[in-house]
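Okay, target_28.txt is below, compact mmCIF, N, CA and C atoms:
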# COMPACT_ATOMS: atom_id res chain seq x y z
N MET A 509 -23.73 -16.66 -12.52
CA MET A 509 -22.34 -16.33 -12.85
C MET A 509 -21.66 -15.78 -11.60
N THR A 510 -20.46 -16.22 -11.36
CA THR A 510 -19.70 -15.75 -10.21
C THR A 510 -18.81 -14.57 -10.61
N LEU A 511 -18.57 -13.72 -9.66
CA LEU A 511 -17.69 -12.59 -9.92
C LEU A 511 -16.21 -12.96 -9.80
N ARG A 512 -15.92 -14.16 -9.39
CA ARG A 512 -14.52 -14.57 -9.27
C ARG A 512 -13.94 -14.82 -10.63
N LEU A 513 -12.98 -14.02 -10.99
CA LEU A 513 -12.28 -14.16 -12.26
C LEU A 513 -10.79 -14.09 -12.01
N ASP A 514 -10.03 -14.88 -12.75
CA ASP A 514 -8.58 -14.72 -12.74
C ASP A 514 -8.27 -13.61 -13.74
N TYR A 515 -8.42 -12.38 -13.26
CA TYR A 515 -8.36 -11.22 -14.15
C TYR A 515 -7.03 -11.09 -14.88
N GLY A 516 -5.95 -11.50 -14.25
CA GLY A 516 -4.65 -11.44 -14.92
C GLY A 516 -4.55 -12.39 -16.09
N GLU A 517 -5.25 -13.50 -15.99
CA GLU A 517 -5.27 -14.47 -17.08
C GLU A 517 -6.30 -14.09 -18.14
N VAL A 518 -7.47 -13.62 -17.71
CA VAL A 518 -8.54 -13.27 -18.63
C VAL A 518 -8.16 -12.09 -19.51
N SER A 519 -7.54 -11.08 -18.91
CA SER A 519 -7.19 -9.87 -19.65
C SER A 519 -5.86 -9.31 -19.16
N PRO A 520 -4.75 -9.97 -19.53
CA PRO A 520 -3.46 -9.51 -19.03
C PRO A 520 -3.13 -8.06 -19.39
N GLY A 521 -3.63 -7.60 -20.50
CA GLY A 521 -3.37 -6.22 -20.89
C GLY A 521 -4.01 -5.21 -19.96
N ALA A 522 -5.14 -5.59 -19.36
CA ALA A 522 -5.85 -4.68 -18.47
C ALA A 522 -5.06 -4.38 -17.20
N VAL A 523 -4.25 -5.33 -16.76
CA VAL A 523 -3.48 -5.13 -15.53
C VAL A 523 -1.99 -4.94 -15.79
N LYS A 524 -1.61 -4.98 -17.05
CA LYS A 524 -0.19 -4.87 -17.42
C LYS A 524 0.46 -3.60 -16.86
N GLY A 525 -0.23 -2.49 -16.95
CA GLY A 525 0.33 -1.24 -16.47
C GLY A 525 0.54 -1.23 -14.97
N MET A 526 -0.44 -1.78 -14.24
CA MET A 526 -0.32 -1.82 -12.78
C MET A 526 0.83 -2.74 -12.38
N TYR A 527 0.95 -3.88 -13.05
CA TYR A 527 2.06 -4.80 -12.75
C TYR A 527 3.39 -4.18 -13.16
N GLY A 528 3.39 -3.43 -14.26
CA GLY A 528 4.60 -2.73 -14.69
C GLY A 528 5.01 -1.67 -13.68
N THR A 529 4.03 -0.97 -13.12
CA THR A 529 4.34 0.01 -12.08
C THR A 529 4.95 -0.69 -10.88
N ASN A 530 4.42 -1.86 -10.51
CA ASN A 530 5.01 -2.62 -9.41
C ASN A 530 6.47 -2.95 -9.69
N ALA A 531 6.77 -3.35 -10.91
CA ALA A 531 8.15 -3.68 -11.27
C ALA A 531 9.05 -2.44 -11.13
N TYR A 532 8.56 -1.29 -11.58
CA TYR A 532 9.31 -0.05 -11.41
C TYR A 532 9.54 0.23 -9.92
N LEU A 533 8.49 0.08 -9.12
CA LEU A 533 8.58 0.40 -7.69
C LEU A 533 9.50 -0.55 -6.94
N ASP A 534 9.72 -1.75 -7.48
CA ASP A 534 10.70 -2.67 -6.88
C ASP A 534 12.10 -2.06 -6.88
N GLU A 535 12.36 -1.16 -7.82
CA GLU A 535 13.69 -0.54 -7.96
C GLU A 535 13.70 0.93 -7.54
N ALA A 536 12.57 1.46 -7.15
CA ALA A 536 12.45 2.88 -6.81
C ALA A 536 13.16 3.17 -5.48
N PRO A 537 13.52 4.44 -5.27
CA PRO A 537 14.23 4.82 -4.04
C PRO A 537 13.33 5.00 -2.82
N VAL A 538 12.32 4.16 -2.71
CA VAL A 538 11.47 4.12 -1.52
C VAL A 538 11.86 2.84 -0.79
N ASP A 539 12.12 2.95 0.51
CA ASP A 539 12.46 1.77 1.30
C ASP A 539 11.40 0.70 1.08
N GLN A 540 11.84 -0.51 0.77
CA GLN A 540 10.90 -1.58 0.41
C GLN A 540 10.06 -2.05 1.60
N VAL A 541 10.59 -2.01 2.80
CA VAL A 541 9.78 -2.36 3.97
C VAL A 541 8.68 -1.31 4.14
N LEU A 542 9.04 -0.04 4.06
CA LEU A 542 8.03 1.02 4.16
C LEU A 542 7.01 0.87 3.05
N ARG A 543 7.45 0.56 1.85
CA ARG A 543 6.52 0.35 0.74
C ARG A 543 5.50 -0.72 1.10
N ARG A 544 5.95 -1.85 1.62
CA ARG A 544 5.03 -2.94 1.95
C ARG A 544 4.08 -2.55 3.08
N LEU A 545 4.57 -1.78 4.04
CA LEU A 545 3.70 -1.31 5.14
C LEU A 545 2.65 -0.33 4.61
N VAL A 546 3.06 0.53 3.70
CA VAL A 546 2.12 1.47 3.07
C VAL A 546 1.08 0.69 2.27
N GLU A 547 1.52 -0.29 1.50
CA GLU A 547 0.58 -1.11 0.73
C GLU A 547 -0.38 -1.84 1.67
N LEU A 548 0.14 -2.30 2.80
CA LEU A 548 -0.71 -2.94 3.80
C LEU A 548 -1.76 -1.96 4.32
N ARG A 549 -1.34 -0.73 4.63
CA ARG A 549 -2.29 0.26 5.15
C ARG A 549 -3.37 0.60 4.13
N VAL A 550 -2.98 0.79 2.87
CA VAL A 550 -3.97 1.04 1.81
C VAL A 550 -4.97 -0.10 1.77
N SER A 551 -4.46 -1.32 1.81
CA SER A 551 -5.31 -2.50 1.71
C SER A 551 -6.23 -2.65 2.92
N GLN A 552 -5.76 -2.25 4.09
CA GLN A 552 -6.61 -2.26 5.28
C GLN A 552 -7.76 -1.27 5.11
N ILE A 553 -7.45 -0.07 4.66
CA ILE A 553 -8.47 0.96 4.47
C ILE A 553 -9.52 0.47 3.48
N ASN A 554 -9.06 -0.15 2.39
CA ASN A 554 -9.97 -0.59 1.33
C ASN A 554 -10.63 -1.93 1.62
N GLY A 555 -10.13 -2.65 2.61
CA GLY A 555 -10.72 -3.94 2.95
C GLY A 555 -10.38 -5.06 1.99
N CYS A 556 -9.20 -5.03 1.40
CA CYS A 556 -8.77 -6.08 0.47
C CYS A 556 -8.05 -7.18 1.25
N ARG A 557 -8.78 -8.24 1.56
CA ARG A 557 -8.22 -9.31 2.39
C ARG A 557 -7.00 -9.97 1.75
N TYR A 558 -7.06 -10.21 0.45
CA TYR A 558 -5.91 -10.83 -0.21
C TYR A 558 -4.69 -9.94 -0.09
N CYS A 559 -4.84 -8.65 -0.35
CA CYS A 559 -3.71 -7.73 -0.32
C CYS A 559 -3.18 -7.52 1.10
N ILE A 560 -4.06 -7.54 2.08
CA ILE A 560 -3.62 -7.47 3.48
C ILE A 560 -2.72 -8.66 3.78
N TRP A 561 -3.18 -9.84 3.42
CA TRP A 561 -2.38 -11.06 3.62
C TRP A 561 -1.03 -10.95 2.89
N LEU A 562 -1.08 -10.56 1.62
CA LEU A 562 0.13 -10.52 0.79
C LEU A 562 1.16 -9.53 1.33
N HIS A 563 0.74 -8.32 1.64
CA HIS A 563 1.71 -7.29 2.04
C HIS A 563 2.22 -7.49 3.45
N ALA A 564 1.42 -8.07 4.32
CA ALA A 564 1.92 -8.45 5.65
C ALA A 564 3.02 -9.51 5.49
N ARG A 565 2.77 -10.48 4.63
CA ARG A 565 3.76 -11.53 4.38
C ARG A 565 5.03 -10.95 3.75
N GLN A 566 4.88 -10.05 2.78
CA GLN A 566 6.04 -9.44 2.13
C GLN A 566 6.86 -8.63 3.14
N ALA A 567 6.20 -7.88 3.99
CA ALA A 567 6.92 -7.10 5.01
C ALA A 567 7.67 -8.04 5.95
N SER A 568 7.02 -9.10 6.35
CA SER A 568 7.67 -10.09 7.22
C SER A 568 8.88 -10.72 6.54
N ASP A 569 8.72 -11.05 5.27
CA ASP A 569 9.83 -11.64 4.51
C ASP A 569 11.03 -10.69 4.40
N LEU A 570 10.75 -9.39 4.46
CA LEU A 570 11.82 -8.38 4.41
C LEU A 570 12.41 -8.10 5.79
N GLY A 571 11.91 -8.80 6.82
CA GLY A 571 12.47 -8.66 8.16
C GLY A 571 11.66 -7.82 9.12
N GLU A 572 10.50 -7.32 8.69
CA GLU A 572 9.66 -6.52 9.59
C GLU A 572 9.09 -7.42 10.69
N THR A 573 8.97 -6.87 11.89
CA THR A 573 8.47 -7.65 13.02
C THR A 573 6.96 -7.81 12.96
N ASP A 574 6.47 -8.90 13.52
CA ASP A 574 5.02 -9.13 13.57
C ASP A 574 4.32 -8.03 14.37
N ALA A 575 4.98 -7.55 15.42
CA ALA A 575 4.37 -6.50 16.25
C ALA A 575 4.13 -5.23 15.45
N ARG A 576 5.09 -4.84 14.64
CA ARG A 576 4.91 -3.63 13.83
C ARG A 576 3.91 -3.86 12.71
N ILE A 577 3.92 -5.03 12.12
CA ILE A 577 2.94 -5.33 11.07
C ILE A 577 1.53 -5.24 11.65
N ARG A 578 1.32 -5.83 12.81
CA ARG A 578 0.00 -5.77 13.45
C ARG A 578 -0.37 -4.33 13.85
N ALA A 579 0.62 -3.51 14.11
CA ALA A 579 0.37 -2.13 14.58
C ALA A 579 0.03 -1.16 13.45
N VAL A 580 0.18 -1.56 12.22
CA VAL A 580 -0.07 -0.64 11.10
C VAL A 580 -1.48 -0.05 11.15
N ALA A 581 -2.47 -0.86 11.49
CA ALA A 581 -3.85 -0.37 11.53
C ALA A 581 -4.03 0.75 12.55
N ASP A 582 -3.21 0.76 13.60
CA ASP A 582 -3.28 1.79 14.64
C ASP A 582 -1.93 2.52 14.73
N TRP A 583 -1.40 2.91 13.58
CA TRP A 583 -0.06 3.50 13.53
C TRP A 583 0.04 4.77 14.37
N ARG A 584 -1.01 5.55 14.46
CA ARG A 584 -0.96 6.79 15.24
C ARG A 584 -0.80 6.51 16.73
N GLY A 585 -1.48 5.50 17.23
CA GLY A 585 -1.49 5.24 18.66
C GLY A 585 -0.52 4.18 19.13
N SER A 586 0.13 3.52 18.20
CA SER A 586 0.96 2.36 18.59
C SER A 586 2.31 2.74 19.18
N GLY A 587 2.86 3.89 18.79
CA GLY A 587 4.19 4.28 19.25
C GLY A 587 5.31 3.43 18.66
N ARG A 588 5.03 2.68 17.63
CA ARG A 588 6.01 1.77 17.06
C ARG A 588 6.67 2.28 15.78
N PHE A 589 6.28 3.45 15.31
CA PHE A 589 6.77 3.93 14.03
C PHE A 589 7.53 5.25 14.16
N THR A 590 8.50 5.43 13.29
CA THR A 590 9.30 6.66 13.27
C THR A 590 8.46 7.82 12.76
N ASP A 591 8.97 9.02 12.94
CA ASP A 591 8.28 10.20 12.42
C ASP A 591 8.15 10.12 10.90
N ALA A 592 9.18 9.63 10.24
CA ALA A 592 9.14 9.49 8.78
C ALA A 592 8.05 8.51 8.36
N GLU A 593 7.96 7.39 9.05
CA GLU A 593 6.93 6.41 8.74
C GLU A 593 5.54 6.98 9.00
N CYS A 594 5.39 7.71 10.08
CA CYS A 594 4.10 8.34 10.39
C CYS A 594 3.70 9.35 9.32
N ALA A 595 4.67 10.11 8.83
CA ALA A 595 4.38 11.05 7.74
C ALA A 595 3.92 10.29 6.50
N ALA A 596 4.57 9.17 6.21
CA ALA A 596 4.18 8.35 5.05
C ALA A 596 2.78 7.76 5.25
N PHE A 597 2.47 7.31 6.45
CA PHE A 597 1.14 6.75 6.72
C PHE A 597 0.05 7.83 6.62
N ALA A 598 0.33 9.02 7.13
CA ALA A 598 -0.66 10.11 7.04
C ALA A 598 -0.93 10.43 5.57
N TRP A 599 0.12 10.50 4.77
CA TRP A 599 -0.02 10.75 3.33
C TRP A 599 -0.81 9.61 2.68
N THR A 600 -0.49 8.39 3.07
CA THR A 600 -1.18 7.21 2.54
C THR A 600 -2.68 7.31 2.78
N GLU A 601 -3.05 7.65 3.99
CA GLU A 601 -4.48 7.73 4.31
C GLU A 601 -5.16 8.85 3.53
N SER A 602 -4.50 9.99 3.40
CA SER A 602 -5.11 11.11 2.67
C SER A 602 -5.25 10.82 1.19
N VAL A 603 -4.24 10.21 0.60
CA VAL A 603 -4.31 9.89 -0.83
C VAL A 603 -5.35 8.79 -1.07
N THR A 604 -5.40 7.81 -0.20
CA THR A 604 -6.38 6.73 -0.34
C THR A 604 -7.81 7.24 -0.16
N ARG A 605 -7.98 8.18 0.74
CA ARG A 605 -9.32 8.74 1.01
C ARG A 605 -9.52 10.07 0.29
N ILE A 606 -9.00 10.20 -0.89
CA ILE A 606 -8.99 11.47 -1.61
C ILE A 606 -10.39 12.01 -1.88
N ALA A 607 -11.39 11.14 -1.91
CA ALA A 607 -12.76 11.61 -2.09
C ALA A 607 -13.20 12.51 -0.94
N ASP A 608 -12.52 12.40 0.21
CA ASP A 608 -12.83 13.25 1.36
C ASP A 608 -12.18 14.63 1.28
N GLY A 609 -11.30 14.84 0.31
CA GLY A 609 -10.61 16.11 0.13
C GLY A 609 -9.15 15.88 -0.21
N VAL A 610 -8.52 16.90 -0.75
CA VAL A 610 -7.13 16.77 -1.15
C VAL A 610 -6.22 16.63 0.07
N PRO A 611 -5.10 15.92 -0.08
CA PRO A 611 -4.15 15.85 1.03
C PRO A 611 -3.72 17.27 1.44
N SER A 612 -3.50 17.45 2.72
CA SER A 612 -3.21 18.79 3.23
C SER A 612 -1.77 19.22 2.94
N ASP A 613 -1.59 20.53 2.93
CA ASP A 613 -0.24 21.10 2.78
C ASP A 613 0.65 20.65 3.94
N ASP A 614 0.08 20.57 5.13
CA ASP A 614 0.86 20.13 6.29
C ASP A 614 1.38 18.71 6.11
N GLU A 615 0.53 17.82 5.59
CA GLU A 615 0.98 16.45 5.34
C GLU A 615 2.08 16.41 4.29
N PHE A 616 1.93 17.21 3.25
CA PHE A 616 2.96 17.27 2.21
C PHE A 616 4.27 17.82 2.78
N GLU A 617 4.18 18.87 3.56
CA GLU A 617 5.38 19.45 4.16
C GLU A 617 6.06 18.46 5.12
N ALA A 618 5.27 17.68 5.84
CA ALA A 618 5.85 16.67 6.74
C ALA A 618 6.63 15.64 5.94
N LEU A 619 6.12 15.24 4.80
CA LEU A 619 6.86 14.30 3.95
C LEU A 619 8.22 14.86 3.55
N GLY A 620 8.23 16.16 3.22
CA GLY A 620 9.46 16.81 2.77
C GLY A 620 10.57 16.84 3.81
N LYS A 621 10.23 16.63 5.07
CA LYS A 621 11.25 16.57 6.11
C LYS A 621 12.06 15.27 6.04
N TYR A 622 11.47 14.24 5.45
CA TYR A 622 12.09 12.90 5.49
C TYR A 622 12.36 12.29 4.12
N PHE A 623 11.70 12.81 3.09
CA PHE A 623 11.80 12.22 1.76
C PHE A 623 12.10 13.31 0.74
N ASP A 624 12.88 12.95 -0.28
CA ASP A 624 13.13 13.92 -1.36
C ASP A 624 11.96 13.88 -2.34
N ASP A 625 11.97 14.79 -3.31
CA ASP A 625 10.84 14.92 -4.22
C ASP A 625 10.56 13.61 -4.97
N ARG A 626 11.58 12.94 -5.44
CA ARG A 626 11.37 11.69 -6.17
C ARG A 626 10.74 10.64 -5.26
N GLN A 627 11.22 10.54 -4.05
CA GLN A 627 10.64 9.57 -3.12
C GLN A 627 9.16 9.88 -2.85
N ILE A 628 8.83 11.17 -2.77
CA ILE A 628 7.44 11.56 -2.53
C ILE A 628 6.57 11.15 -3.72
N VAL A 629 7.06 11.39 -4.92
CA VAL A 629 6.30 10.99 -6.11
C VAL A 629 6.17 9.47 -6.16
N ASP A 630 7.27 8.76 -5.92
CA ASP A 630 7.23 7.30 -5.97
C ASP A 630 6.35 6.73 -4.85
N LEU A 631 6.38 7.31 -3.67
CA LEU A 631 5.51 6.88 -2.59
C LEU A 631 4.04 7.08 -2.98
N THR A 632 3.75 8.19 -3.61
CA THR A 632 2.39 8.46 -4.07
C THR A 632 1.99 7.46 -5.16
N ALA A 633 2.92 7.08 -6.01
CA ALA A 633 2.65 6.04 -7.02
C ALA A 633 2.37 4.69 -6.37
N VAL A 634 3.11 4.37 -5.29
CA VAL A 634 2.84 3.14 -4.53
C VAL A 634 1.38 3.15 -4.05
N ILE A 635 0.98 4.26 -3.47
CA ILE A 635 -0.37 4.39 -2.91
C ILE A 635 -1.43 4.29 -4.01
N ALA A 636 -1.23 5.03 -5.09
CA ALA A 636 -2.21 5.04 -6.19
C ALA A 636 -2.31 3.66 -6.84
N ASN A 637 -1.18 3.04 -7.09
CA ASN A 637 -1.19 1.72 -7.72
C ASN A 637 -1.85 0.68 -6.81
N MET A 638 -1.57 0.77 -5.52
CA MET A 638 -2.17 -0.19 -4.59
C MET A 638 -3.68 0.00 -4.53
N ASN A 639 -4.14 1.24 -4.56
CA ASN A 639 -5.58 1.48 -4.59
C ASN A 639 -6.21 0.85 -5.83
N ALA A 640 -5.56 0.98 -6.97
CA ALA A 640 -6.08 0.38 -8.20
C ALA A 640 -6.10 -1.14 -8.09
N LEU A 641 -5.01 -1.72 -7.63
CA LEU A 641 -4.94 -3.17 -7.49
C LEU A 641 -5.97 -3.69 -6.47
N ASN A 642 -6.18 -2.95 -5.38
CA ASN A 642 -7.21 -3.33 -4.40
C ASN A 642 -8.58 -3.40 -5.07
N ARG A 643 -8.88 -2.40 -5.86
CA ARG A 643 -10.20 -2.34 -6.47
C ARG A 643 -10.45 -3.51 -7.42
N VAL A 644 -9.43 -3.90 -8.16
CA VAL A 644 -9.57 -5.04 -9.05
C VAL A 644 -9.71 -6.33 -8.23
N ALA A 645 -8.83 -6.51 -7.25
CA ALA A 645 -8.85 -7.74 -6.44
C ALA A 645 -10.17 -7.87 -5.67
N ILE A 646 -10.65 -6.79 -5.10
CA ILE A 646 -11.91 -6.83 -4.35
C ILE A 646 -13.08 -7.11 -5.29
N SER A 647 -13.10 -6.45 -6.43
CA SER A 647 -14.22 -6.61 -7.37
C SER A 647 -14.38 -8.05 -7.83
N PHE A 648 -13.26 -8.76 -8.03
CA PHE A 648 -13.33 -10.12 -8.52
C PHE A 648 -13.10 -11.16 -7.42
N ARG A 649 -13.26 -10.70 -6.16
CA ARG A 649 -13.29 -11.58 -4.99
C ARG A 649 -12.03 -12.40 -4.79
N LEU A 650 -10.87 -11.80 -5.05
CA LEU A 650 -9.60 -12.49 -4.80
C LEU A 650 -9.45 -12.67 -3.30
N GLU A 651 -9.18 -13.89 -2.88
CA GLU A 651 -9.06 -14.22 -1.46
C GLU A 651 -7.67 -14.76 -1.16
N PRO A 652 -7.20 -14.58 0.08
CA PRO A 652 -5.90 -15.15 0.46
C PRO A 652 -5.99 -16.67 0.48
N PRO A 653 -4.85 -17.34 0.34
CA PRO A 653 -4.90 -18.80 0.42
C PRO A 653 -5.31 -19.24 1.82
N ARG A 654 -5.88 -20.41 1.90
CA ARG A 654 -6.32 -20.93 3.20
C ARG A 654 -5.19 -21.61 3.90
Rewrite the structure from the file as structure tokens, please.
Amino acid sequence: MTLRLDYGEVSPGAVKGMYGTNAYLDEAPVDQVLRRLVELRVSQINGCRYCIWLHARQASDLGETDARIRAVADWRGSGRFTDAECAAFAWTESVTRIADGVPSDDEFEALGKYFDDRQIVDLTAVIANMNALNRVAISFRLEPPR
């Protein structure tokens, strides 16, 4: 038996909430390019090849440059991101790696310099939802198109 399943078709109810969260986030007050870059970073950390492909393409479709998309993996050293984006990426990494410890007060305070409370909650929802979607996609071996 193969682990490859079309999980959305096999059990649409199981992923309905995650897809519903995505629909909400499409309208949320988080910049959509930043959202896609954050989703890309989560997917890089988790090693979800399909999601890396998808979110890089979505960011590009929204007008993001290839240079910045490629730089997401090294956002700290690339010099290509604003302070606000760096704060979002630091938060992204801490929330994604939460098993290593809770996100720091300093990271939370840095977010507050650039984002309002709702944006912080919605950004955290982007990160949490992407982590869940990565785990499903990776578990059932979802691959990018050739």
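Straight-line separation from atom CA of Pro520 of chain A to atom CA of Arg626 of chain A: 28.9 Å.
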Practice problem: Identify, on the basis of only C-alpha atoms, every residue whose closest approach to Ser568 of chain A does not exceed 12 Å; exclude the query and any residue fewer than 6 positions from it along the same chain; express the result as a PyMOL selection string. | Solution: chain A and resi 540-542+544-545+548+561-562+574-578
Dump N, CA and C atoms for the selected residues as a short mmCIF file (atom, residue, chain, number, x, y, z; two decimals), keeping the file's coordinate frame?
data_model
loop_
_atom_site.label_atom_id
_atom_site.label_comp_id
_atom_site.auth_asym_id
_atom_site.auth_seq_id
_atom_site.Cartn_x
_atom_site.Cartn_y
_atom_site.Cartn_z
N GLN A 540 11.84 -0.51 0.77
CA GLN A 540 10.90 -1.58 0.41
C GLN A 540 10.06 -2.05 1.60
N VAL A 541 10.59 -2.01 2.80
CA VAL A 541 9.78 -2.36 3.97
C VAL A 541 8.68 -1.31 4.14
N LEU A 542 9.04 -0.04 4.06
CA LEU A 542 8.03 1.02 4.16
C LEU A 542 7.01 0.87 3.05
N ARG A 544 5.95 -1.85 1.62
CA ARG A 544 5.03 -2.94 1.95
C ARG A 544 4.08 -2.55 3.08
N LEU A 545 4.57 -1.78 4.04
CA LEU A 545 3.70 -1.31 5.14
C LEU A 545 2.65 -0.33 4.61
N LEU A 548 0.14 -2.30 2.80
CA LEU A 548 -0.71 -2.94 3.80
C LEU A 548 -1.76 -1.96 4.32
N TRP A 561 -3.18 -9.84 3.42
CA TRP A 561 -2.38 -11.06 3.62
C TRP A 561 -1.03 -10.95 2.89
N LEU A 562 -1.08 -10.56 1.62
CA LEU A 562 0.13 -10.52 0.79
C LEU A 562 1.16 -9.53 1.33
N ASP A 574 6.47 -8.90 13.52
CA ASP A 574 5.02 -9.13 13.57
C ASP A 574 4.32 -8.03 14.37
N ALA A 575 4.98 -7.55 15.42
CA ALA A 575 4.37 -6.50 16.25
C ALA A 575 4.13 -5.23 15.45
N ARG A 576 5.09 -4.84 14.64
CA ARG A 576 4.91 -3.63 13.83
C ARG A 576 3.91 -3.86 12.71
N ILE A 577 3.92 -5.03 12.12
CA ILE A 577 2.94 -5.33 11.07
C ILE A 577 1.53 -5.24 11.65
N ARG A 578 1.32 -5.83 12.81
CA ARG A 578 0.00 -5.77 13.45
C ARG A 578 -0.37 -4.33 13.85
#
Quiz item: Pick the closest to Trp599 of chain A from A:Ala564, A:Leu533, A:Ile635, A:Val629: which is it, counting all atoms listed in the file?
Solution: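 Of all the options, A:Ile635 lies closest to Trp599 of chain A.
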Exercise. In Å, rounded to a single decimal, give me how far atom N of Arg649 of chain A is from atom C of Leu511 of chain A.
Key: 5.2 Å
Self-check item: DSSP-assigned alpha helix (DSSP H) among chain A, expressed as a ChimeraX atom specification
Solution: /A:515-518,520-535,540-554,557-569,574-579,583-586,591-604,613-620,625-647
Quiz prompt | Gap from atom C of Ser602 of chain A to atom N of Ala633 of chain A - Å, one decimal | solution =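 Going from atom C of Ser602 of chain A over to atom N of Ala633 of chain A covers 11.5 Å.
Counting all atoms listed in the file, the residue from A:Thr604, A:Glu572, A:Gln566, A:Asn554 that sits nearest to Asn642 of chain A is A:Asn554.
Excluding Cys556 of chain A itself and any same-chain residue fewer than 5 positions from it, the protein and nucleic acid residues within 12 Å of it, counting only C-alpha atoms, are Glu547, Leu548, Arg549, Val550, Ser551, Trp561, Leu562, His563, Met638, Asn639, Ala640, Leu641, Asn642, Arg643, Val644, Ala645, Ile646, Ser647, Phe648, Arg649, Leu650, Glu651 and Pro652 of chain A.
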Quiz item: Near Thr529 of chain A, within 12 Å and counting only C-alpha atoms, which residues show up once chain neighbours fewer than 3 positions away are dropped, as a list in words?
Solution: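 Here the qualifying residues turn out to be Val523, Lys524, Gly525, Met526, Tyr532, Leu533, Asp534, Glu535, Ala536, Asp630, Leu631, Thr632, Ala633, Val634, Ile635, Ala636, Asn637, Met638, Ala640 and Leu641 of chain A.
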Exercise. Return the single residue from A:Ile628, A:Ile553, A:Ala581, A:Val546 that is closest to Arg605 of chain A, with distances computed using only C-alpha atoms.
Key: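 The answer is A:Ile553, which sits nearest to Arg605 of chain A.
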Quiz prompt | Contacts of Cys594 of chain A at 8 Å (all atoms listed in the file; same-chain gap of 3+ positions) as a ChimeraX atom specification | solution = /A:583-584,588-591,597-600,618-619
